[in-house]
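Novice: This is upload-v9.txt, which holds compact mmCIF, C-alpha atoms and all ligand atoms:
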# COMPACT_ATOMS: atom_id res chain seq x y z
CA MET A 133 129.21 53.03 97.76
CA GLU A 134 130.43 49.77 99.21
CA GLU A 135 128.09 47.15 100.64
CA LEU A 136 125.78 48.16 103.46
CA TYR A 137 126.22 44.79 105.17
CA GLU A 138 127.54 41.30 104.69
CA MET A 139 126.05 37.85 105.07
CA LYS A 140 127.72 35.47 107.48
CA GLU A 141 126.23 32.08 108.30
CA LYS A 142 122.80 33.22 107.17
CA LYS A 143 122.95 36.26 109.43
CA ILE A 144 123.33 39.84 108.34
CA LYS A 145 126.35 41.54 109.83
CA LEU A 146 125.97 45.27 110.21
CA GLU A 147 128.73 47.66 111.17
CA GLN A 148 127.12 47.96 114.60
CA GLY A 149 124.83 45.01 114.98
CA THR A 150 123.44 41.77 113.63
CA ILE A 151 120.15 40.87 111.96
CA ASN A 152 119.43 37.25 112.80
CA LYS A 153 116.45 36.51 110.59
CA GLY A 154 116.24 39.02 107.78
CA ILE A 155 115.42 42.34 106.22
CA ILE A 156 111.81 42.88 105.19
CA ALA A 157 111.34 45.66 102.64
CA VAL A 158 107.77 46.93 102.31
CA ALA A 159 106.91 48.29 98.87
CA SER A 160 103.84 49.48 97.01
CA GLY A 161 103.13 50.28 93.39
CA LYS A 162 101.53 53.57 94.28
CA GLY A 163 101.26 55.92 97.22
CA GLY A 164 98.59 56.05 99.87
CA VAL A 165 97.73 52.35 99.91
CA GLY A 166 98.75 51.99 103.56
CA LYS A 167 102.36 50.87 103.18
CA SER A 168 103.59 52.75 106.26
CA THR A 169 100.59 51.64 108.31
CA VAL A 170 101.22 48.01 107.39
CA THR A 171 104.97 48.40 108.03
CA VAL A 172 104.48 49.69 111.57
CA ASN A 173 101.70 47.30 112.53
CA LEU A 174 103.61 44.27 111.24
CA ALA A 175 106.70 45.45 113.11
CA THR A 176 104.69 45.76 116.32
CA ALA A 177 103.15 42.32 115.68
CA LEU A 178 106.65 40.84 115.34
CA ALA A 179 107.75 42.63 118.51
CA ALA A 180 104.65 41.35 120.32
CA SER A 181 105.71 37.82 119.36
CA GLY A 182 108.97 38.39 121.20
CA TYR A 183 111.28 39.34 118.35
CA GLN A 184 113.76 42.20 118.34
CA VAL A 185 112.64 44.56 115.61
CA GLY A 186 114.03 47.65 113.93
CA ILE A 187 112.41 49.92 111.37
CA ILE A 188 114.06 52.17 108.79
CA ASP A 189 111.74 54.74 107.29
CA THR A 190 113.37 55.47 103.92
CA ASP A 191 110.65 57.66 102.49
CA VAL A 192 112.17 61.13 102.15
CA ARG A 193 108.88 62.83 101.51
CA GLY A 194 106.82 60.76 103.82
CA PHE A 195 108.49 60.09 107.15
CA SER A 196 105.17 59.06 108.61
CA VAL A 197 106.59 56.09 110.50
CA PRO A 198 107.52 58.11 113.63
CA ARG A 199 103.95 59.41 113.81
CA ILE A 200 102.26 56.03 113.31
CA LEU A 201 104.60 54.36 115.81
CA GLY A 202 104.13 57.23 118.25
CA THR A 203 107.82 58.13 118.50
CA LYS A 204 108.55 61.55 119.92
CA GLU A 205 112.14 60.86 120.81
CA GLN A 206 114.96 61.77 118.44
CA PRO A 207 117.96 59.57 117.73
CA LYS A 208 121.02 60.45 119.77
CA ALA A 209 124.53 60.93 118.44
CA ARG A 210 127.29 59.29 120.43
CA GLY A 211 130.44 60.21 118.63
CA GLU A 212 130.78 60.86 114.94
CA HIS A 213 129.74 57.42 113.72
CA GLU A 214 127.37 56.15 116.34
CA ILE A 215 123.68 56.94 116.39
CA ILE A 216 121.40 55.49 119.02
CA PRO A 217 117.90 54.97 117.60
CA PRO A 218 114.91 55.74 119.84
CA LYS A 219 112.98 52.69 121.04
CA THR A 220 109.18 52.80 121.04
CA HIS A 221 106.95 49.84 121.93
CA GLY A 222 110.15 47.81 121.91
CA ILE A 223 110.98 48.83 118.34
CA LYS A 224 114.12 50.68 117.34
CA MET A 225 113.36 53.17 114.60
CA ILE A 226 115.26 55.57 112.42
CA SER A 227 113.60 57.88 109.93
CA MET A 228 114.25 60.47 107.29
CA GLY A 229 112.21 62.60 109.62
CA SER A 230 115.21 62.80 111.94
CA PHE A 231 117.19 63.84 108.93
CA VAL A 232 115.22 66.99 108.22
CA ASP A 233 114.27 68.06 111.73
CA GLU A 234 116.10 71.25 112.53
CA ASN A 235 116.06 70.48 116.22
CA SER A 236 117.65 67.12 115.72
CA PRO A 237 120.97 66.71 117.54
CA ILE A 238 122.25 64.65 114.63
CA ILE A 239 124.24 66.30 111.88
CA TRP A 240 123.75 63.99 108.95
CA ARG A 241 126.82 63.73 106.80
CA SER A 242 125.07 63.69 103.49
CA PRO A 243 121.73 65.08 102.43
CA LEU A 244 121.51 62.57 99.60
CA LEU A 245 119.40 59.51 99.98
CA GLY A 246 122.25 57.13 99.24
CA GLY A 247 124.32 58.71 101.96
CA ALA A 248 121.47 58.69 104.41
CA LEU A 249 120.72 55.05 103.70
CA GLU A 250 124.35 54.21 104.29
CA GLN A 251 124.22 56.08 107.59
CA PHE A 252 121.02 54.30 108.56
CA PHE A 253 122.75 50.97 108.10
CA LYS A 254 126.28 51.76 109.22
CA ASP A 255 126.23 54.58 111.73
CA VAL A 256 123.16 53.46 113.64
CA ASN A 257 123.92 51.16 116.53
CA TRP A 258 121.21 48.55 115.93
CA GLY A 259 122.58 45.95 118.30
CA GLU A 260 121.01 42.53 117.95
CA LEU A 261 117.88 42.41 115.80
CA ASP A 262 115.78 39.56 114.49
CA TYR A 263 114.07 41.60 111.80
CA LEU A 264 114.81 44.94 110.19
CA VAL A 265 111.75 46.31 108.42
CA LEU A 266 112.16 48.95 105.71
CA ASP A 267 109.38 51.28 104.64
CA LEU A 268 110.34 51.95 101.01
CA PRO A 269 109.27 55.03 99.07
CA PRO A 270 106.09 54.31 97.07
CA GLY A 271 106.02 53.54 93.37
CA THR A 272 108.31 51.98 90.83
CA GLY A 273 110.59 54.95 90.19
CA ASP A 274 114.29 55.52 90.83
CA MET A 275 113.97 56.02 94.58
CA PRO A 276 112.61 52.62 95.56
CA LEU A 277 114.70 51.00 92.81
CA ASN A 278 117.96 52.47 94.12
CA ILE A 279 117.21 51.25 97.60
CA MET A 280 116.22 47.79 96.41
CA GLN A 281 119.56 47.55 94.61
CA LYS A 282 121.40 48.19 97.85
CA ILE A 283 119.68 45.57 99.99
CA PRO A 284 120.62 42.16 98.56
CA HIS A 285 118.97 39.12 100.20
CA ALA A 286 116.15 41.28 101.57
CA HIS A 287 112.57 39.95 101.47
CA LEU A 288 110.07 42.04 99.59
CA LEU A 289 106.55 42.51 100.87
CA VAL A 290 104.13 44.21 98.49
CA VAL A 291 101.20 46.20 99.82
CA THR A 292 98.29 46.90 97.50
CA THR A 293 94.64 47.81 97.54
CA PRO A 294 92.35 45.48 95.57
CA GLN A 295 91.77 48.16 92.95
CA ILE A 296 92.76 47.01 89.48
CA THR A 297 95.09 49.96 88.74
CA ALA A 298 96.83 49.54 92.10
CA THR A 299 97.42 45.85 91.58
CA LYS A 300 98.65 46.48 88.04
CA VAL A 301 101.39 48.89 89.07
CA ALA A 302 102.26 46.75 92.07
CA GLY A 303 102.92 43.89 89.66
CA ARG A 304 105.83 45.85 88.23
CA ILE A 305 107.57 45.67 91.58
CA GLY A 306 107.65 41.91 91.30
CA SER A 307 109.65 42.07 88.11
CA MET A 308 111.91 44.73 89.63
CA ALA A 309 112.60 42.44 92.59
CA GLU A 310 113.33 39.56 90.26
CA LYS A 311 116.07 41.51 88.51
CA MET A 312 117.70 42.28 91.82
CA ASP A 313 118.77 39.94 94.55
CA LEU A 314 115.48 40.16 96.48
CA ASN A 315 113.15 37.39 97.60
CA LEU A 316 109.49 38.00 97.00
CA LEU A 317 107.78 37.38 100.31
CA GLY A 318 104.17 37.94 99.40
CA VAL A 319 101.30 40.39 99.05
CA VAL A 320 99.28 42.16 101.72
CA GLU A 321 95.96 43.46 100.53
CA ASN A 322 94.98 46.59 102.43
CA MET A 323 91.61 48.36 102.48
CA ALA A 324 90.19 45.11 101.13
CA TYR A 325 86.66 45.73 102.41
CA TYR A 326 84.59 47.75 104.80
CA GLN A 327 82.79 45.70 107.39
CA CYS A 328 79.46 46.97 108.75
CA LYS A 329 79.59 47.25 112.53
CA GLU A 330 75.90 46.36 112.83
CA CYS A 331 75.43 43.29 110.67
CA GLY A 332 78.99 42.33 109.73
CA ASN A 333 78.23 42.65 106.03
CA ARG A 334 81.35 43.27 103.94
CA ASP A 335 81.40 45.97 101.30
CA TYR A 336 84.25 45.52 98.83
CA ILE A 337 84.69 49.22 98.13
CA PHE A 338 87.76 48.90 95.87
CA GLY A 339 86.63 45.68 94.20
CA GLU A 340 87.12 42.11 95.28
CA GLY A 341 90.01 39.70 94.82
CA GLY A 342 92.66 42.14 93.56
CA GLY A 343 95.21 41.07 96.15
CA LEU A 344 94.90 37.41 95.28
CA GLU A 345 95.09 38.16 91.60
CA LEU A 346 98.28 40.15 92.12
CA ALA A 347 99.80 37.38 94.23
CA LYS A 348 99.01 34.83 91.50
CA PHE A 349 100.41 37.12 88.84
CA MET A 350 103.64 37.52 90.81
CA LYS A 351 103.71 33.78 91.61
CA THR A 352 103.70 34.46 95.29
CA GLU A 353 101.34 34.22 98.24
CA LEU A 354 98.58 36.49 99.51
CA LEU A 355 99.58 36.77 103.16
CA GLY A 356 96.45 38.54 104.31
CA SER A 357 93.62 40.97 103.60
CA LEU A 358 93.03 43.90 105.93
CA PRO A 359 89.73 45.79 106.22
CA LEU A 360 89.24 49.51 105.80
CA LEU A 361 88.68 50.60 109.37
CA SER A 362 88.42 54.07 110.89
CA GLU A 363 90.14 52.65 113.96
CA ILE A 364 93.28 51.97 111.90
CA ARG A 365 93.31 55.51 110.56
CA ARG A 366 92.68 57.00 113.99
CA ARG A 367 95.42 54.97 115.63
CA SER A 368 97.87 55.81 112.84
CA ASP A 369 97.22 59.50 113.45
CA SER A 370 97.57 59.27 117.21
CA GLY A 371 100.59 56.98 117.23
CA SER A 372 99.09 54.12 119.18
CA PRO A 373 99.39 50.98 117.04
CA ILE A 374 96.41 48.69 117.54
CA VAL A 375 98.50 45.55 117.98
CA VAL A 376 100.06 47.18 121.05
CA ASP A 377 96.93 48.69 122.55
CA GLU A 378 94.31 46.08 121.68
CA PRO A 379 96.04 42.77 121.02
CA GLU A 380 92.72 40.96 121.24
CA ALA A 381 91.00 43.01 118.52
CA GLU A 382 90.13 41.22 115.28
CA ILE A 383 92.37 43.50 113.26
CA SER A 384 95.32 42.86 115.60
CA LYS A 385 94.86 39.15 115.02
CA LEU A 386 95.00 39.74 111.27
CA PHE A 387 98.32 41.55 111.67
CA MET A 388 99.62 38.82 114.01
CA ASP A 389 98.58 36.21 111.48
CA ILE A 390 100.50 37.91 108.67
CA ALA A 391 103.53 38.35 110.95
CA GLU A 392 103.42 34.65 111.80
CA LYS A 393 103.39 33.69 108.11
CA ILE A 394 106.37 35.96 107.50
CA VAL A 395 108.28 34.39 110.38
CA GLU A 396 107.58 30.91 108.99
CA LYS A 397 108.55 31.85 105.45
CA LEU A 398 111.85 33.37 106.54
CA ASP A 399 112.63 30.43 108.80
CA MET A 400 112.06 28.07 105.90
CA GLY A 401 114.50 30.21 103.94
CA ALA A 402 112.30 31.85 101.35
CA GLU A 403 113.64 30.82 97.97
N1 LIG B 501 93.17 49.59 106.58
C1 LIG B 501 93.02 50.92 106.75
N2 LIG B 501 91.85 51.42 107.21
C2 LIG B 501 91.69 52.75 107.37
N3 LIG B 501 92.62 53.67 107.11
C3 LIG B 501 93.81 53.22 106.66
C4 LIG B 501 94.08 51.84 106.47
N4 LIG B 501 95.35 51.72 106.00
C5 LIG B 501 95.85 52.96 105.95
N5 LIG B 501 94.93 53.88 106.32
C6 LIG B 501 95.07 55.34 106.34
O1 LIG B 501 95.30 55.75 105.00
C7 LIG B 501 96.26 56.80 104.95
C8 LIG B 501 97.45 56.36 104.13
O2 LIG B 501 98.11 55.31 104.80
P1 LIG B 501 99.70 55.24 104.84
O3 LIG B 501 100.29 56.53 105.19
O4 LIG B 501 100.05 54.05 105.66
O5 LIG B 501 99.94 54.90 103.31
P2 LIG B 501 101.30 54.86 102.48
O6 LIG B 501 101.09 53.86 101.43
O7 LIG B 501 102.45 54.70 103.38
O8 LIG B 501 101.29 56.32 101.88
P3 LIG B 501 102.51 57.14 101.23
O9 LIG B 501 102.54 56.73 99.82
O10 LIG B 501 102.12 58.56 101.42
O11 LIG B 501 103.76 56.77 101.98
C9 LIG B 501 96.60 57.11 106.40
O12 LIG B 501 95.80 58.16 106.85
C10 LIG B 501 96.26 55.83 107.13
O13 LIG B 501 95.91 56.05 108.48
MG MG B 502 104.13 55.97 103.75
ZN ZN B 503 74.95 46.33 108.11
Can the structure from this file be put into structure tokens for me?

Specialist:
Amino acid sequence: MEELYEMKEKKIKLEQGTINKGIIAVASGKGGVGKSTVTVNLATALAASGYQVGIIDTDVRGFSVPRILGTKEQPKARGEHEIIPPKTHGIKMISMGSFVDENSPIIWRSPLLGGALEQFFKDVNWGELDYLVLDLPPGTGDMPLNIMQKIPHAHLLVVTTPQITATKVAGRIGSMAEKMDLNLLGVVENMAYYQCKECGNRDYIFGEGGGLELAKFMKTELLGSLPLLSEIRRRSDSGSPIVVDEPEAEISKLFMDIAEKIVEKLDMGAE
């Protein structure tokens, strides 16, 4: 497979579009740590800050991004090599979910991941984007590795829970990224604590400080710690991202804060 895109004057030139600021690939050492939830909420936080954002959901078995984002619309085919992604909350999104839906109007050319990824980048008419956010498959196996190999210059964001085993496997991703042409952006610690609604006391259910330890181990930055909150779960299930619906909520501010750090890091030209 030839390159998915080329770099020109610090911008990413796609077959049908441009990414002005960068590709953010969201990875996790293991499944179920909230990678897709963080992906969608960060994307909505970036969109809320006025940026043009796209998401590619690359998880063949997961395709939870459409649900969390609340997308009901399918992509539309306009000719053999032009796919128009649906736009939800201002975010253009394409998912493996579209790939397996029998009712989808799109006939994907290849059922293999490599082919689908190529289509996601080349056949989709992305137009002008500031950020393209990728939800990678979980883990450190062939699937995420193959994708990481195909997205040179992308910025890698690692999502982990504070639990020691989770941070340990997530550490492996750092060394994977190092071998490839990826910039390590930082760590987001999810499900860091449960906060009592009555007294505000924090219970560190999965242990304390794992995210920071991982960031130190990978010689990168802890960009934020997110609480375990039933509201997040509920809104993921119902497809109404909290940053969109309740921008003033404490958790929305945490997402906005992480998004802001990411914007700054990419503008500085992460090493
Ligand atoms: N901070 C949080 N508070 C409460 N629930 C959360 C939080 N983060 C994620 N969840 C919930 O945990 C579950 C797993 O999250 P999600 O699907 O985002 O994880 P994932 O890492 O993408 O999983 P997979 O490996 O299956 O792709 C979902 O039900 C989600 O709503
Ligand atoms: Mg997921
Ligand atoms: Zn209490």

Novice: Can you check which parts of chain A lie within 6 Å of ligand ZN 503 (chain B)? Per residue, the shortest pair of atoms and distance in Å to one decimal, counting all atoms listed in the file, sorted by chain and number, as JSON lines.

Specialist:
{"residue": "A:Cys328", "atom": "CA", "partner": "B:ZN503", "partner_atom": "ZN", "distance": 4.6}
{"residue": "A:Glu330", "atom": "CA", "partner": "B:ZN503", "partner_atom": "ZN", "distance": 4.8}
{"residue": "A:Cys331", "atom": "CA", "partner": "B:ZN503", "partner_atom": "ZN", "distance": 4.0}
{"residue": "A:Gly332", "atom": "CA", "partner": "B:ZN503", "partner_atom": "ZN", "distance": 5.9}
{"residue": "A:Asn333", "atom": "CA", "partner": "B:ZN503", "partner_atom": "ZN", "distance": 5.4}

Novice: Using only C-alpha atoms and all ligand atoms, which protein or nucleic acid residues are at most 10 Å from ligand LIG 501 (chain B), as number ranges by chain?

Specialist: A: 158-173, 189-197, 199-200, 267-271, 291-293, 321-326, 357-371, 383

Novice: Can you pull out the residues contacting region 178-186 of chain A? Cut-off 8 Å, using only C-alpha atoms, and skip same-chain residues under 5 positions away; I want them as a PyMOL selection string.

Specialist: chain A and resi 222-225+258+260-265+375-376+388+391-392

Novice: Nearest to ligand MG 502 (chain B) among A:Ala177, A:Met228, A:Leu288, A:Met280, with distances taken over only C-alpha atoms and all ligand atoms: which residue is it?

Specialist: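 Closest to ligand MG 502 (chain B), using only C-alpha atoms and all ligand atoms: A:Met228.
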
Novice: Considering only C-alpha atoms and all ligand atoms, state which residue in the set A:Ile151, A:Leu386, A:Leu289, A:Leu266 is at the smallest distance from ligand MG 502 (chain B).

Specialist: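 Closest to ligand MG 502 (chain B), using only C-alpha atoms and all ligand atoms: A:Leu266.
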
Novice: Which residue, A:Ser227, A:Thr150, A:Thr297, A:Gln206, has the smallest gap to ligand MG 502 (chain B) when you use only C-alpha atoms and all ligand atoms?

Specialist: A:Ser227

Novice: Which residue gives the smallest distance to ligand MG 502 (chain B) among A:Gly211, A:Gly229, A:Pro294, A:Gly318, with only C-alpha atoms and all ligand atoms counted?

Specialist: A:Gly229

Novice: Rounded to one decimal, what separation in Å do you get between CA of Arg304 (chain A) and CA of Glu134 (chain A)?

Specialist: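 Computing the Euclidean distance for CA of Arg304 (chain A) and CA of Glu134 (chain A) yields 27.2 Å.
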
Novice: Suppose you want the space between CA of Phe252 (chain A) and CA of His213 (chain A); what is it in Å?

Specialist: 10.6 Å

Novice: So the first atom is CA of Ile337 (chain A) and the second is CA of Gln295 (chain A); what is the distance between them in Å, to one decimal place?

Specialist: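 Separation of CA of Ile337 (chain A) and CA of Gln295 (chain A): 8.8 Å.
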
Novice: Counting all atoms listed in the file, which residues come within 6 Å of (101.0, 35.0, 99.8), with the point read in the file's coordinates, and could you list them as a PyMOL selection string?

Specialist: chain A and resi 318-319+352-355

Novice: What lies within 9 Å of Glu205 (chain A) using all atoms listed in the file, ignoring chain neighbours under 5 positions off, as a PyMOL selection string?

Specialist: chain A and resi 198+217-220

Novice: Got time to write the residues from that selection, C-alpha atoms, as a PDB file, in the coordinates of the input?

Specialist:
ATOM      1  CA  PRO A 198     107.520  58.110 113.630  1.00  0.00           C
ATOM      2  CA  PRO A 217     117.900  54.970 117.600  1.00  0.00           C
ATOM      3  CA  PRO A 218     114.910  55.740 119.840  1.00  0.00           C
ATOM      4  CA  LYS A 219     112.980  52.690 121.040  1.00  0.00           C
ATOM      5  CA  THR A 220     109.180  52.800 121.040  1.00  0.00           C
TER       6      THR A 220
END

Novice: At a cut-off of 10 Å around the point (123.5, 52.7, 106.1) (file coordinates), what residues fall inside when counting only C-alpha atoms? I'd like the answer as a ChimeraX atom specification.

Specialist: /A:135-137,146-147,188,246-256,282

Novice: I need the residues from that last selection saved to file as a short mmCIF file (atom, residue, chain, number, x, y, z; two decimals), in the frame of the given file (with C-alpha atoms), if you can.

Specialist:
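Below is the file again.cif, written as the result:
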data_model
loop_
_atom_site.label_atom_id
_atom_site.label_comp_id
_atom_site.auth_asym_id
_atom_site.auth_seq_id
_atom_site.Cartn_x
_atom_site.Cartn_y
_atom_site.Cartn_z
CA GLU A 135 128.09 47.15 100.64
CA LEU A 136 125.78 48.16 103.46
CA TYR A 137 126.22 44.79 105.17
CA LEU A 146 125.97 45.27 110.21
CA GLU A 147 128.73 47.66 111.17
CA ILE A 188 114.06 52.17 108.79
CA GLY A 246 122.25 57.13 99.24
CA GLY A 247 124.32 58.71 101.96
CA ALA A 248 121.47 58.69 104.41
CA LEU A 249 120.72 55.05 103.70
CA GLU A 250 124.35 54.21 104.29
CA GLN A 251 124.22 56.08 107.59
CA PHE A 252 121.02 54.30 108.56
CA PHE A 253 122.75 50.97 108.10
CA LYS A 254 126.28 51.76 109.22
CA ASP A 255 126.23 54.58 111.73
CA VAL A 256 123.16 53.46 113.64
CA LYS A 282 121.40 48.19 97.85
#

Novice: Using only C-alpha atoms, can you tell me which of A:Asn152, A:Gly259, A:Ser384, A:Gly341 comes closest to Asp399 (chain A)?

Specialist: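 For Asp399 (chain A), the nearest of the candidates is A:Asn152.
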
Novice: Box time for region 328-343 of chain A: axis-aligned, enclosing all its listed atoms, 3 Å extra on each side; report centre and edge lengths in Å to one decimal, as lines of an AutoDock Vina configuration file.

Specialist:
center_x = 85.3
center_y = 44.5
center_z = 103.2
size_x = 25.8
size_y = 15.5
size_z = 25.3

Novice: Determine the nearest neighbour of Asp389 (chain A) from the options A:Ala157, A:Leu174, A:Leu344, A:Leu314, counting only C-alpha atoms.

Specialist: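 Using only C-alpha atoms, Asp389 (chain A) sits closest to A:Leu174.
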
Novice: Write a file for region 372-388 of chain A of the given structure; include N, CA and C atoms and format it as a compact mmCIF listing (two decimals), in the first residue's frame.

Specialist:
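Contents of the output file part.txt:
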# COMPACT_ATOMS: atom_id res chain seq x y z
N SER A 372 -25.08 11.44 23.67
CA SER A 372 -25.12 12.89 23.87
C SER A 372 -23.90 13.32 24.68
N PRO A 373 -22.80 13.55 23.98
CA PRO A 373 -21.54 13.89 24.66
C PRO A 373 -21.70 15.07 25.61
N ILE A 374 -21.13 14.94 26.79
CA ILE A 374 -21.36 15.93 27.85
C ILE A 374 -20.81 17.31 27.48
N VAL A 375 -19.71 17.33 26.74
CA VAL A 375 -19.12 18.63 26.37
C VAL A 375 -20.11 19.44 25.53
N VAL A 376 -20.91 18.72 24.74
CA VAL A 376 -21.90 19.39 23.88
C VAL A 376 -23.10 19.84 24.72
N ASP A 377 -23.60 18.93 25.54
CA ASP A 377 -24.85 19.19 26.26
C ASP A 377 -24.68 20.04 27.51
N GLU A 378 -23.59 19.84 28.22
CA GLU A 378 -23.37 20.60 29.46
C GLU A 378 -21.95 21.15 29.51
N PRO A 379 -21.70 22.16 28.67
CA PRO A 379 -20.33 22.69 28.59
C PRO A 379 -19.83 23.26 29.92
N GLU A 380 -20.77 23.59 30.82
CA GLU A 380 -20.34 24.19 32.08
C GLU A 380 -20.04 23.16 33.17
N ALA A 381 -20.37 21.90 32.91
CA ALA A 381 -20.14 20.85 33.91
C ALA A 381 -18.64 20.69 34.19
N GLU A 382 -18.33 20.26 35.40
CA GLU A 382 -16.93 20.11 35.81
C GLU A 382 -16.17 19.17 34.88
N ILE A 383 -16.86 18.07 34.51
CA ILE A 383 -16.21 17.07 33.67
C ILE A 383 -15.95 17.63 32.27
N SER A 384 -16.86 18.47 31.78
CA SER A 384 -16.65 19.10 30.46
C SER A 384 -15.41 19.97 30.50
N LYS A 385 -15.24 20.67 31.63
CA LYS A 385 -14.07 21.54 31.75
C LYS A 385 -12.78 20.73 31.76
N LEU A 386 -12.85 19.53 32.34
CA LEU A 386 -11.67 18.66 32.33
C LEU A 386 -11.31 18.27 30.89
N PHE A 387 -12.34 17.92 30.12
CA PHE A 387 -12.10 17.57 28.71
C PHE A 387 -11.57 18.77 27.92
N MET A 388 -12.17 19.95 28.18
CA MET A 388 -11.73 21.17 27.49
C MET A 388 -10.27 21.49 27.82
